Amino acid sequence: MATHAASETIRACLRVGGVIAYPTEGVWGLGCLAGAEAAVMRILELKSRTVDKGLILLGTTAAQFDSVAVGLAAAVPEPDGNPVTWLVPHRGLVPFWIHGGSDKVALRLTRHPVVAELCESVGEPLVSTSANPAGAPPAMSEEEVREYFPSGLDAIVPGALGGASGPSRIVDLETGAVVRPA
C-alpha cells in the first residue's frame, strides 16, 4: 500500500465492515473481512451474484485462517509462484456467506505484496472475489474497477497486478481435481 496513513485508513475501513477493491496476483478483487456478513452481502449485490457460489479467503499463512476456523488450512500447500486456490472441507466451521452452501471453502495463500500487507495489517484473511459484475470480465486496472463500480466501494487500494495471467487456478485439495484452470 502507498503510505502508512493509507494503510491505517484501509485497515480502519475493513474493521468497520467496509468493502474494498485491490490488486491481486492476476485480476483486481473485491474484499472485506470474513466475519463481516453485511459487507459480504454488499459485495454480492455489487456483483449481482448469489450467495450460493461461495467466496475465496486470502491469507498469508495457514495460521491466519484460524481466525475463521481453527486448523482448517493446515494442509494447504505454500504458494510455488503460481496462485492456486484450494478447496478444503470446511467441517461446518465457516459461515454460510463464505462457503455458499458447499461442503468446501476456497482458501488461497498469497505472496502478492498489497494483499499480503492487507492481511497482515488486519491479522486475518480477506474475502476475495474478482472485481466485476456477473458475466463481465474481471477488472484488470483501477480504472476498470471504477467503471464497473462507480459507487458502492468504501476504498480502492492502489497497486499493480502480480503478473499472473488471470484469476487463480482452483483445485480440490482432497481429489486433486482442477475446478477452474488458470
# chains A, B, ... in the order shown; residues from 1 in each chain; ligands from 1
$ residues_around --residues "His112 of chain A" --least-positions-apart "3" --cutoff "9 Å" --atoms "only C-alpha atoms" --output "MDAnalysis selection string"
chainID A and resid 23:25 115:117 161:162
$ write_last_selection --atoms "N, CA and C atoms" --output "PDB file, in the first residue's frame"
ATOM      1  N   PRO A  23      -5.596  -4.833  -5.964  1.00  0.00           N
ATOM      2  CA  PRO A  23      -4.969  -5.700  -6.967  1.00  0.00           C
ATOM      3  C   PRO A  23      -4.561  -7.026  -6.334  1.00  0.00           C
ATOM      4  N   THR A  24      -4.686  -8.111  -7.100  1.00  0.00           N
ATOM      5  CA  THR A  24      -4.231  -9.424  -6.642  1.00  0.00           C
ATOM      6  C   THR A  24      -3.188  -9.934  -7.635  1.00  0.00           C
ATOM      7  N   GLU A  25      -2.931 -11.223  -7.594  1.00  0.00           N
ATOM      8  CA  GLU A  25      -1.912 -11.800  -8.462  1.00  0.00           C
ATOM      9  C   GLU A  25      -2.236 -11.624  -9.943  1.00  0.00           C
ATOM     10  N   VAL A 115      -1.863  -7.480  -1.164  1.00  0.00           N
ATOM     11  CA  VAL A 115      -2.797  -8.348  -0.442  1.00  0.00           C
ATOM     12  C   VAL A 115      -2.157  -8.846   0.851  1.00  0.00           C
ATOM     13  N   ALA A 116      -0.884  -9.221   0.771  1.00  0.00           N
ATOM     14  CA  ALA A 116      -0.192  -9.702   1.973  1.00  0.00           C
ATOM     15  C   ALA A 116      -0.167  -8.623   3.042  1.00  0.00           C
ATOM     16  N   GLU A 117       0.117  -7.392   2.650  1.00  0.00           N
ATOM     17  CA  GLU A 117       0.132  -6.300   3.630  1.00  0.00           C
ATOM     18  C   GLU A 117      -1.257  -6.076   4.221  1.00  0.00           C
ATOM     19  N   LEU A 161      -1.085  -5.294 -10.491  1.00  0.00           N
ATOM     20  CA  LEU A 161      -1.342  -6.731 -10.506  1.00  0.00           C
ATOM     21  C   LEU A 161      -0.014  -7.475 -10.383  1.00  0.00           C
ATOM     22  N   GLY A 162      -0.104  -8.728  -9.952  1.00  0.00           N
ATOM     23  CA  GLY A 162       1.106  -9.501  -9.672  1.00  0.00           C
ATOM     24  C   GLY A 162       1.728 -10.235 -10.843  1.00  0.00           C
TER      25      GLY A 162
END
$ select_by_dssp --residues "chain A" --states "alpha helix (DSSP H)" --output "PyMOL selection string"
chain A and resi 4-15+37-47+96-99+113-122+142-148
$ write_last_selection --atoms "C-alpha atoms" --output "short mmCIF file (atom, residue, chain, number, x, y, z; two decimals), in the first residue's frame"
data_model
loop_
_atom_site.label_atom_id
_atom_site.label_comp_id
_atom_site.auth_asym_id
_atom_site.auth_seq_id
_atom_site.Cartn_x
_atom_site.Cartn_y
_atom_site.Cartn_z
CA HIS A 4 1.37 4.28 6.41
CA ALA A 5 -1.58 6.70 6.52
CA ALA A 6 -3.22 4.87 3.61
CA SER A 7 -2.66 1.55 5.40
CA GLU A 8 -4.32 2.91 8.54
CA THR A 9 -7.27 4.21 6.50
CA ILE A 10 -7.81 0.87 4.73
CA ARG A 11 -7.45 -1.11 7.97
CA ALA A 12 -10.00 1.15 9.68
CA CYS A 13 -12.32 0.78 6.70
CA LEU A 14 -12.16 -3.02 6.89
CA ARG A 15 -12.63 -3.06 10.67
CA GLU A 37 -21.68 -10.60 6.80
CA ALA A 38 -23.22 -7.27 5.76
CA ALA A 39 -20.06 -6.37 3.80
CA VAL A 40 -20.10 -9.78 2.06
CA MET A 41 -23.72 -9.20 1.10
CA ARG A 42 -22.79 -5.78 -0.31
CA ILE A 43 -20.09 -7.41 -2.44
CA LEU A 44 -22.57 -9.95 -3.75
CA GLU A 45 -25.06 -7.19 -4.52
CA LEU A 46 -22.39 -5.15 -6.35
CA LYS A 47 -21.55 -8.19 -8.46
CA PHE A 96 -22.60 -19.79 5.08
CA TRP A 97 -21.97 -16.43 3.41
CA ILE A 98 -18.40 -17.62 2.74
CA HIS A 99 -18.87 -21.28 1.69
CA PRO A 113 2.64 -7.59 -1.66
CA VAL A 114 -0.53 -5.47 -1.49
CA VAL A 115 -2.80 -8.35 -0.44
CA ALA A 116 -0.19 -9.70 1.97
CA GLU A 117 0.13 -6.30 3.63
CA LEU A 118 -3.65 -6.02 3.90
CA CYS A 119 -3.95 -9.46 5.52
CA GLU A 120 -1.03 -8.81 7.85
CA SER A 121 -2.33 -5.39 8.86
CA VAL A 122 -5.73 -6.75 9.92
CA GLU A 142 -8.07 0.50 -11.14
CA GLU A 143 -9.82 2.41 -13.92
CA GLU A 144 -11.89 -0.65 -14.86
CA VAL A 145 -12.83 -1.10 -11.18
CA ARG A 146 -14.10 2.49 -11.13
CA GLU A 147 -16.04 1.94 -14.36
CA TYR A 148 -17.68 -1.23 -13.04
#
$ atom_distance --atom1 "atom CA of Leu55 of chain A" --atom2 "atom CA of Leu87 of chain A"
10.7 Å
$ select_by_dssp --residues "segment 8-179 of chain A" --states "strand (DSSP E or B)" --output "PyMOL selection string"
chain A and resi 20-23+28-33+56-59+84-89+104-109+126-130+155-156+169-172+178-179
$ atom_distance --atom1 "atom CA of Val16 of chain A" --atom2 "atom CA of Arg91 of chain A"
27.9 Å
$ closest_residue --among "A:Leu30, A:Val76, A:Leu173, A:Ala182" --to "Gly59 of chain A" --atoms "only C-alpha atoms"
A:Val76
$ closest_residue --among "A:Val127, A:Thr110, A:Pro181, A:Ala134" --to "Asp80 of chain A" --atoms "only C-alpha atoms"
A:Thr110
$ residues_around --residues "Gly29 of chain A" --least-positions-apart "5" --cutoff "10 Å" --atoms "only C-alpha atoms" --output "list in words"
Ile20, Ala21, Tyr22, Pro23, Thr24, Val115, Val127, Ser128, Thr129, Ser130, Ala131, Asn132, Pro138, Ala139, Met140, Val145, Ile156 and Pro167 of chain A
$ closest_residue --among "A:Pro95, A:Val84, A:Gly135, A:Ala155" --to "Val171 of chain A" --atoms "only C-alpha atoms"
A:Val84
$ atom_distance --atom1 "atom CA of Leu58 of chain A" --atom2 "atom CA of Pro77 of chain A"
13.3 Å
